[in-house]
>>> print(open('data.cif').read())   # mmCIF, C-alpha atoms and all ligand atoms
data_query
#
loop_
_atom_site.label_atom_id
_atom_site.label_comp_id
_atom_site.auth_asym_id
_atom_site.auth_seq_id
_atom_site.Cartn_x
_atom_site.Cartn_y
_atom_site.Cartn_z
CA MET A 1 114.01 -3.59 45.92
CA ASN A 2 114.84 -4.11 42.25
CA ARG A 3 111.72 -3.15 40.37
CA ILE A 4 110.22 -1.86 37.16
CA VAL A 5 107.21 0.48 37.15
CA PHE A 6 105.35 1.20 33.93
CA VAL A 7 104.51 4.89 34.23
CA GLY A 8 102.71 4.36 30.96
CA THR A 9 102.08 1.59 28.45
CA GLY A 10 100.78 3.58 25.48
CA GLY A 11 102.62 4.27 22.24
CA GLY A 12 102.06 6.37 19.16
CA ARG A 13 100.23 9.64 18.69
CA HIS A 14 96.73 8.27 19.19
CA ALA A 15 97.62 6.84 22.57
CA VAL A 16 99.33 10.12 23.43
CA SER A 17 96.38 12.34 22.48
CA SER A 18 93.66 10.07 23.89
CA GLN A 19 95.64 8.83 26.92
CA VAL A 20 93.72 5.58 26.48
CA ARG A 21 96.95 4.24 27.93
CA LYS A 22 99.33 6.56 29.76
CA THR A 23 102.64 7.40 28.07
CA GLY A 24 105.09 8.12 30.90
CA GLY A 25 107.77 5.56 30.10
CA ILE A 26 109.42 2.91 32.25
CA PHE A 27 110.89 3.55 35.70
CA VAL A 28 113.65 1.19 36.82
CA GLU A 29 115.23 0.71 40.22
CA LEU A 30 118.22 -1.61 39.91
CA ASP A 31 121.07 -2.12 42.37
CA GLY A 32 120.30 1.18 44.09
CA LEU A 33 120.11 3.27 40.92
CA LYS A 34 116.80 4.87 39.96
CA PHE A 35 116.14 6.01 36.43
CA ILE A 36 113.49 6.48 33.77
CA ILE A 37 113.50 5.11 30.24
CA ASP A 38 111.74 7.13 27.51
CA PRO A 39 109.67 9.63 29.50
CA GLY A 40 106.77 10.56 27.23
CA PRO A 41 103.79 12.79 28.07
CA GLY A 42 102.66 12.34 31.67
CA SER A 43 105.95 10.97 32.96
CA LEU A 44 106.66 13.72 35.47
CA VAL A 45 103.10 14.07 36.74
CA PHE A 46 102.29 10.39 37.09
CA SER A 47 105.70 9.54 38.58
CA ARG A 48 105.10 12.20 41.20
CA PHE A 49 101.63 10.90 42.08
CA LEU A 50 102.77 7.28 42.07
CA GLY A 51 105.22 8.20 44.82
CA LEU A 52 108.29 7.51 42.68
CA GLU A 53 109.95 10.76 43.82
CA PRO A 54 111.45 11.87 40.50
CA GLU A 55 113.56 14.52 42.27
CA LYS A 56 115.67 11.69 43.69
CA TRP A 57 116.31 9.82 40.47
CA ASP A 58 119.85 9.18 39.26
CA GLY A 59 119.26 9.57 35.55
CA MET A 60 117.55 8.82 32.30
CA LEU A 61 117.84 6.67 29.19
CA LEU A 62 116.41 8.19 26.04
CA SER A 63 116.18 5.94 22.99
CA HIS A 64 115.04 8.56 20.47
CA TYR A 65 113.39 11.91 20.05
CA HIS A 66 109.84 10.86 19.18
CA ILE A 67 107.37 12.72 21.36
CA ASP A 68 105.94 9.60 23.03
CA GLN A 69 109.47 8.85 24.31
CA SER A 70 110.91 12.24 25.07
CA SER A 71 108.38 15.00 25.83
CA ASP A 72 108.99 15.14 29.60
CA ALA A 73 112.76 14.73 29.51
CA ASN A 74 113.70 18.38 30.09
CA ALA A 75 111.14 18.87 32.86
CA LEU A 76 112.36 15.76 34.68
CA ILE A 77 116.04 16.73 34.39
CA ASP A 78 115.14 20.17 35.70
CA GLY A 79 113.85 18.67 38.94
CA MET A 80 116.34 15.85 39.52
CA LYS A 81 118.77 16.13 42.44
CA ASP A 82 119.10 19.88 42.29
CA PRO A 83 121.93 21.19 44.50
CA ALA A 84 121.54 24.85 43.44
CA PRO A 85 119.30 27.55 44.93
CA VAL A 86 116.48 28.80 42.70
CA GLY A 87 117.87 31.06 39.98
CA GLU A 88 121.28 29.39 39.92
CA GLU A 89 122.62 26.58 37.82
CA ALA A 90 124.78 23.71 38.98
CA ALA A 91 125.66 20.43 37.35
CA LYS A 92 123.85 17.56 39.00
CA GLU A 93 125.19 14.11 39.84
CA ILE A 94 122.89 12.49 37.31
CA PHE A 95 123.39 10.59 34.08
CA LEU A 96 121.75 10.86 30.71
CA ILE A 97 122.28 8.33 27.97
CA ALA A 98 120.47 9.71 24.94
CA GLU A 99 120.59 8.80 21.29
CA GLU A 100 122.89 11.44 19.85
CA HIS A 101 120.20 13.32 17.88
CA CYS A 102 118.42 14.01 21.18
CA VAL A 103 121.33 16.18 22.30
CA ASN A 104 123.09 17.32 19.14
CA MET A 105 121.15 19.41 16.68
CA LYS A 106 121.41 18.02 13.15
CA LYS A 107 119.91 19.75 10.17
CA ASP A 108 117.73 16.91 8.96
CA HIS A 109 116.35 16.08 12.40
CA ASP A 110 115.48 19.42 13.91
CA GLU A 111 111.72 19.27 14.21
CA TYR A 112 111.41 17.33 17.46
CA PRO A 113 111.72 18.24 21.12
CA ARG A 114 115.05 17.26 22.53
CA ILE A 115 117.24 17.94 25.51
CA SER A 116 117.84 21.68 25.56
CA LYS A 117 121.40 22.98 25.83
CA PHE A 118 120.48 24.42 29.22
CA HIS A 119 119.39 21.01 30.50
CA GLN A 120 122.40 19.30 28.97
CA ARG A 121 124.60 21.59 31.09
CA LEU A 122 122.77 20.37 34.19
CA VAL A 123 123.76 16.75 33.55
CA LYS A 124 127.21 15.78 34.81
CA ASN A 125 127.36 12.39 33.16
CA LEU A 126 126.06 12.87 29.61
CA HIS A 127 126.43 10.33 26.82
CA ALA A 128 125.38 11.15 23.26
CA ALA A 129 124.89 7.56 22.20
CA LYS A 130 125.17 5.61 18.98
CA PRO A 131 124.39 1.91 18.57
CA GLY A 132 127.08 -0.48 19.80
CA GLN A 133 128.42 1.47 22.75
CA ASP A 134 129.24 0.16 26.21
CA ILE A 135 128.64 2.70 28.93
CA SER A 136 129.46 2.18 32.59
CA LEU A 137 127.32 3.81 35.24
CA GLY A 138 129.30 2.33 38.10
CA LYS A 139 127.02 -0.34 39.52
CA ILE A 140 125.36 -1.02 36.22
CA LYS A 141 126.42 -1.13 32.59
CA VAL A 142 124.38 -0.06 29.59
CA LYS A 143 124.97 -1.35 26.08
CA THR A 144 123.27 0.44 23.20
CA THR A 145 121.86 -1.54 20.28
CA GLY A 146 120.84 -0.73 16.71
CA THR A 147 117.22 -0.47 15.62
CA GLU A 148 115.19 -0.26 12.41
CA HIS A 149 112.74 2.53 13.21
CA GLY A 150 113.09 5.02 10.39
CA VAL A 151 114.69 7.62 12.67
CA PRO A 152 117.93 7.49 14.66
CA ASN A 153 117.20 5.28 17.64
CA VAL A 154 119.00 3.00 20.06
CA GLY A 155 117.90 0.07 22.19
CA PHE A 156 119.40 -0.72 25.60
CA VAL A 157 120.71 -3.73 27.45
CA ILE A 158 121.00 -2.82 31.11
CA SER A 159 123.21 -5.15 33.13
CA GLY A 160 123.51 -5.23 36.90
CA SER A 161 122.53 -8.01 39.26
CA LEU A 162 119.85 -8.65 36.62
CA ARG A 163 119.82 -7.97 32.91
CA ILE A 164 117.03 -6.02 31.21
CA GLY A 165 116.71 -5.84 27.43
CA TYR A 166 114.79 -3.03 25.74
CA PRO A 167 115.09 -2.90 21.93
CA SER A 168 112.92 0.28 21.87
CA ASP A 169 110.76 1.02 18.81
CA GLY A 170 111.36 -0.65 15.47
CA ILE A 171 110.89 -3.78 13.41
CA TYR A 172 112.87 -6.95 13.88
CA TYR A 173 116.04 -7.22 11.80
CA SER A 174 118.30 -10.20 11.29
CA GLY A 175 121.02 -10.19 13.94
CA GLN A 176 119.06 -8.14 16.47
CA GLU A 177 118.59 -11.25 18.58
CA LYS A 178 122.34 -11.50 19.29
CA LYS A 179 122.19 -8.28 21.31
CA PHE A 180 119.56 -9.66 23.67
CA ASP A 181 121.12 -12.96 24.69
CA ASN A 182 120.95 -13.81 28.38
CA CYS A 183 118.45 -11.16 29.45
CA ASP A 184 116.37 -11.88 32.53
CA ILE A 185 113.64 -9.52 31.38
CA LEU A 186 112.91 -8.41 27.83
CA ILE A 187 110.61 -5.39 27.46
CA LEU A 188 109.20 -5.13 23.95
CA ASN A 189 107.44 -2.16 22.37
CA VAL A 190 104.77 -3.95 20.34
CA PRO A 191 102.11 -1.59 18.98
CA ILE A 192 100.87 -3.93 16.23
CA PRO A 193 98.89 -7.17 16.70
CA LYS A 194 99.40 -10.56 15.08
CA GLY A 195 98.89 -10.40 11.32
CA GLY A 196 99.27 -6.61 11.16
CA GLU A 197 101.96 -4.44 9.67
CA SER A 198 102.72 -0.74 10.08
CA LYS A 199 102.33 1.39 6.97
CA HIS A 200 105.99 2.37 6.88
CA LYS A 201 107.26 -0.87 8.44
CA VAL A 202 108.89 0.84 11.39
CA TYR A 203 106.92 -0.57 14.34
CA MET A 204 107.14 -4.05 15.80
CA SER A 205 104.22 -6.43 15.38
CA VAL A 206 103.53 -9.56 17.40
CA ASP A 207 104.87 -11.55 14.42
CA ASP A 208 108.10 -9.56 14.53
CA ALA A 209 108.35 -9.97 18.29
CA ILE A 210 107.95 -13.73 17.89
CA LYS A 211 110.76 -13.80 15.31
CA LEU A 212 113.02 -11.86 17.66
CA VAL A 213 112.39 -13.99 20.76
CA LYS A 214 112.50 -17.29 18.84
CA SER A 215 115.90 -16.46 17.42
CA ILE A 216 117.49 -15.50 20.74
CA ASN A 217 119.88 -18.25 21.86
CA SER A 218 119.72 -17.81 25.62
CA LYS A 219 116.16 -16.69 25.98
CA PRO A 220 114.84 -14.20 28.53
CA ARG A 221 113.06 -15.52 31.59
CA ILE A 222 110.10 -13.27 30.91
CA VAL A 223 108.90 -11.01 28.09
CA ILE A 224 106.78 -7.95 28.87
CA LEU A 225 104.82 -6.32 26.07
CA THR A 226 104.13 -2.58 26.18
CA HIS A 227 103.77 0.58 24.02
CA PHE A 228 100.23 -0.18 22.93
CA THR A 229 98.28 1.60 20.24
CA PRO A 230 94.46 1.63 20.21
CA TRP A 231 94.79 -0.97 17.41
CA MET A 232 96.69 -3.32 19.69
CA LEU A 233 94.29 -2.63 22.56
CA ARG A 234 91.32 -3.61 20.38
CA SER A 235 93.07 -6.87 19.53
CA ASN A 236 92.80 -8.50 22.97
CA LEU A 237 96.09 -8.22 24.84
CA PHE A 238 95.52 -11.52 26.64
CA LYS A 239 95.27 -13.24 23.28
CA GLN A 240 98.30 -11.45 21.80
CA ALA A 241 100.48 -12.35 24.80
CA LYS A 242 99.25 -15.96 24.66
CA ILE A 243 100.07 -16.19 20.93
CA MET A 244 103.58 -15.00 21.70
CA GLN A 245 104.06 -17.29 24.66
CA ASP A 246 102.84 -20.34 22.74
CA ALA A 247 105.07 -19.54 19.76
CA THR A 248 108.24 -18.82 21.76
CA GLY A 249 107.92 -20.97 24.88
CA VAL A 250 108.86 -17.92 26.96
CA LYS A 251 106.54 -16.59 29.66
CA THR A 252 104.95 -13.49 28.14
CA ILE A 253 102.78 -10.89 29.84
CA PHE A 254 101.44 -7.50 28.86
CA ALA A 255 102.11 -4.43 30.96
CA GLN A 256 99.39 -2.33 32.54
CA ASP A 257 99.56 1.33 33.40
CA PHE A 258 101.28 1.80 36.78
CA MET A 259 102.21 -1.90 36.99
CA GLU A 260 105.12 -2.57 39.31
CA MET A 261 107.17 -5.72 38.84
CA ASP A 262 109.41 -7.01 41.59
CA MET A 263 112.41 -8.27 39.62
CA LYS A 264 113.22 -10.92 42.23
CA ASN A 265 110.16 -13.05 41.56
CA PHE A 266 108.39 -11.23 38.69
CA GLN A 267 105.36 -10.61 40.92
CA THR A 268 103.30 -7.68 39.70
CA LYS A 269 100.83 -5.28 41.22
CA VAL A 270 99.26 -2.05 40.05
CA LEU A 271 100.29 0.99 42.08
CA GLN A 272 97.61 3.48 43.09
CA LEU A 273 97.89 7.19 42.34
CA LYS A 274 98.08 9.40 45.43
CA LEU A 275 96.75 12.74 44.29
ZN ZN B 1 109.36 6.01 17.89
#
>>> encode(input="data.cif", output="structure tokens")
Amino acid sequence: MNRIVFVGTGGGRHAVSSQVRKTGGIFVELDGLKFIIDPGPGSLVFSRFLGLEPEKWDGMLLSHYHIDQSSDANALIDGMKDPAPVGEEAAKEIFLIAEEHCVNMKKDHDEYPRISKFHQRLVKNLHAAKPGQDISLGKIKVKTTGTEHGVPNVGFVISGSLRIGYPSDGIYYSGQEKKFDNCDILILNVPIPKGGESKHKVYMSVDDAIKLVKSINSKPRIVILTHFTPWMLRSNLFKQAKIMQDATGVKTIFAQDFMEMDMKNFQTKVLQLKL
């Protein structure tokens, strides 16, 4: 089954600390490959108790080193497909596509958690990514896109039997739309409601999201909003999604924690935790 599971739908430090929405990232199963995008706090634990079996995953996409995207990355890599007995190291048949600052220490970006050298050695198929790269993972291809987020960051277009666009964090910039032509599903991190603006202009608002979707030539079949701050949650998600849908003409929904979407028909249901 091709599916997306939202292991969390929160974004920003207030969502992380309050867990008003969980922050575990987005699990994707596409054409037989299983992977996580941006595993923030709670990713490992909630994936385990949602029955997603993180030890069997094939890899990870990491857009940037902010804590709400990356905190659980090392712990997840540690447990994925481990062929070695305890106490020994062996490279695993897994992939990691990570914005390059997540894997290469650079002087001006050294204050965040990132993939440790130890865990990098465990990954057989490692890509330190910049915007504009085309990476083949066999059955699926991943294209990285540029962002305007104030820190080094990449978005992803994941192409297999279906195409998923994920611009990651950041404001809309002219030309961004060209990267997301012909997506079936567009997942947008939108922490700011209609009429709002982030202090440093680095997070996408509903107004920005409308600009992006309206300017895409071949529009997605569905847009899913996620990465919610308490501010966005107080602003009525039904209303925010409706504003977007009315402005763009594209079916727009908001994600819920543990929501699974069947990519064949876009049916959704909320998975139950099995503790
Ligand atoms: Zn960020």
>>> residues_near_ligand(input="data.cif", ligand="ligand ZN 1 (chain B)", cutoff="12 Å", atoms="only C-alpha atoms and all ligand atoms", output="NGL selection string")
:A and (10-13 or 38 or 40 or 62-70 or 112 or 147-155 or 167-171 or 189-191 or 201-204 or 227)
>>> atom_distance(input="data.cif", atom1="atom CA of A:Asn182", atom2="atom CA of A:Leu212")
13.5 Å
>>> atom_distance(input="data.cif", atom1="atom CA of A:Gln133", atom2="atom CA of A:Lys264")
27.6 Å
>>> atom_distance(input="data.cif", atom1="atom CA of A:Met263", atom2="atom CA of A:Leu162")
8.0 Å
>>> closest_residue(input="data.cif", among="A:Ile158, A:Ile216, A:Val270, A:Leu96", to="A:Gly8", atoms="only C-alpha atoms")
A:Val270
>>> closest_residue(input="data.cif", among="A:Ser18, A:Gln272, A:Asn236, A:Gln256", to="A:Gly51", atoms="all atoms listed in the file")
A:Gln272
>>> residues_around(input="data.cif", residues="A:Lys274", least_positions_apart="2", cutoff="12 Å", atoms="only C-alpha atoms", output="list in words")
Val45, Phe46, Ser47, Arg48, Phe49, Leu50, Gly51, Leu52, Phe258, Leu271 and Gln272 of chain A
>>> closest_residue(input="data.cif", among="A:Ile4, A:Tyr166, A:Pro220, A:Asp31", to="A:Thr268", atoms="all atoms listed in the file")
A:Ile4
>>> closest_residue(input="data.cif", among="A:His14, A:Lys124, A:Arg3, A:Arg21", to="A:Thr226", atoms="only C-alpha atoms")
A:Arg21
>>> residues_around(input="data.cif", residues="A:Val206", least_positions_apart="4", cutoff="9 Å", atoms="only C-alpha atoms", output="PyMOL selection string")
chain A and resi 190-196+210-211+240-241+243-244
>>> residues_around(input="data.cif", residues="A:Ser159", least_positions_apart="6", cutoff="10 Å", atoms="only C-alpha atoms", output="list of chain:residue names")
A:Leu30, A:Asp31, A:Ser136, A:Lys139, A:Ile140, A:Lys141, A:Val142, A:Lys143, A:Gly165, A:Cys183, A:Asp184
>>> closest_residue(input="data.cif", among="A:Ser161, A:Glu55, A:Phe228, A:Ile222", to="A:Thr23", atoms="all atoms listed in the file")
A:Phe228
>>> closest_residue(input="data.cif", among="A:Val5, A:Ile187, A:Ala73, A:Val250", to="A:Lys214", atoms="all atoms listed in the file")
A:Val250
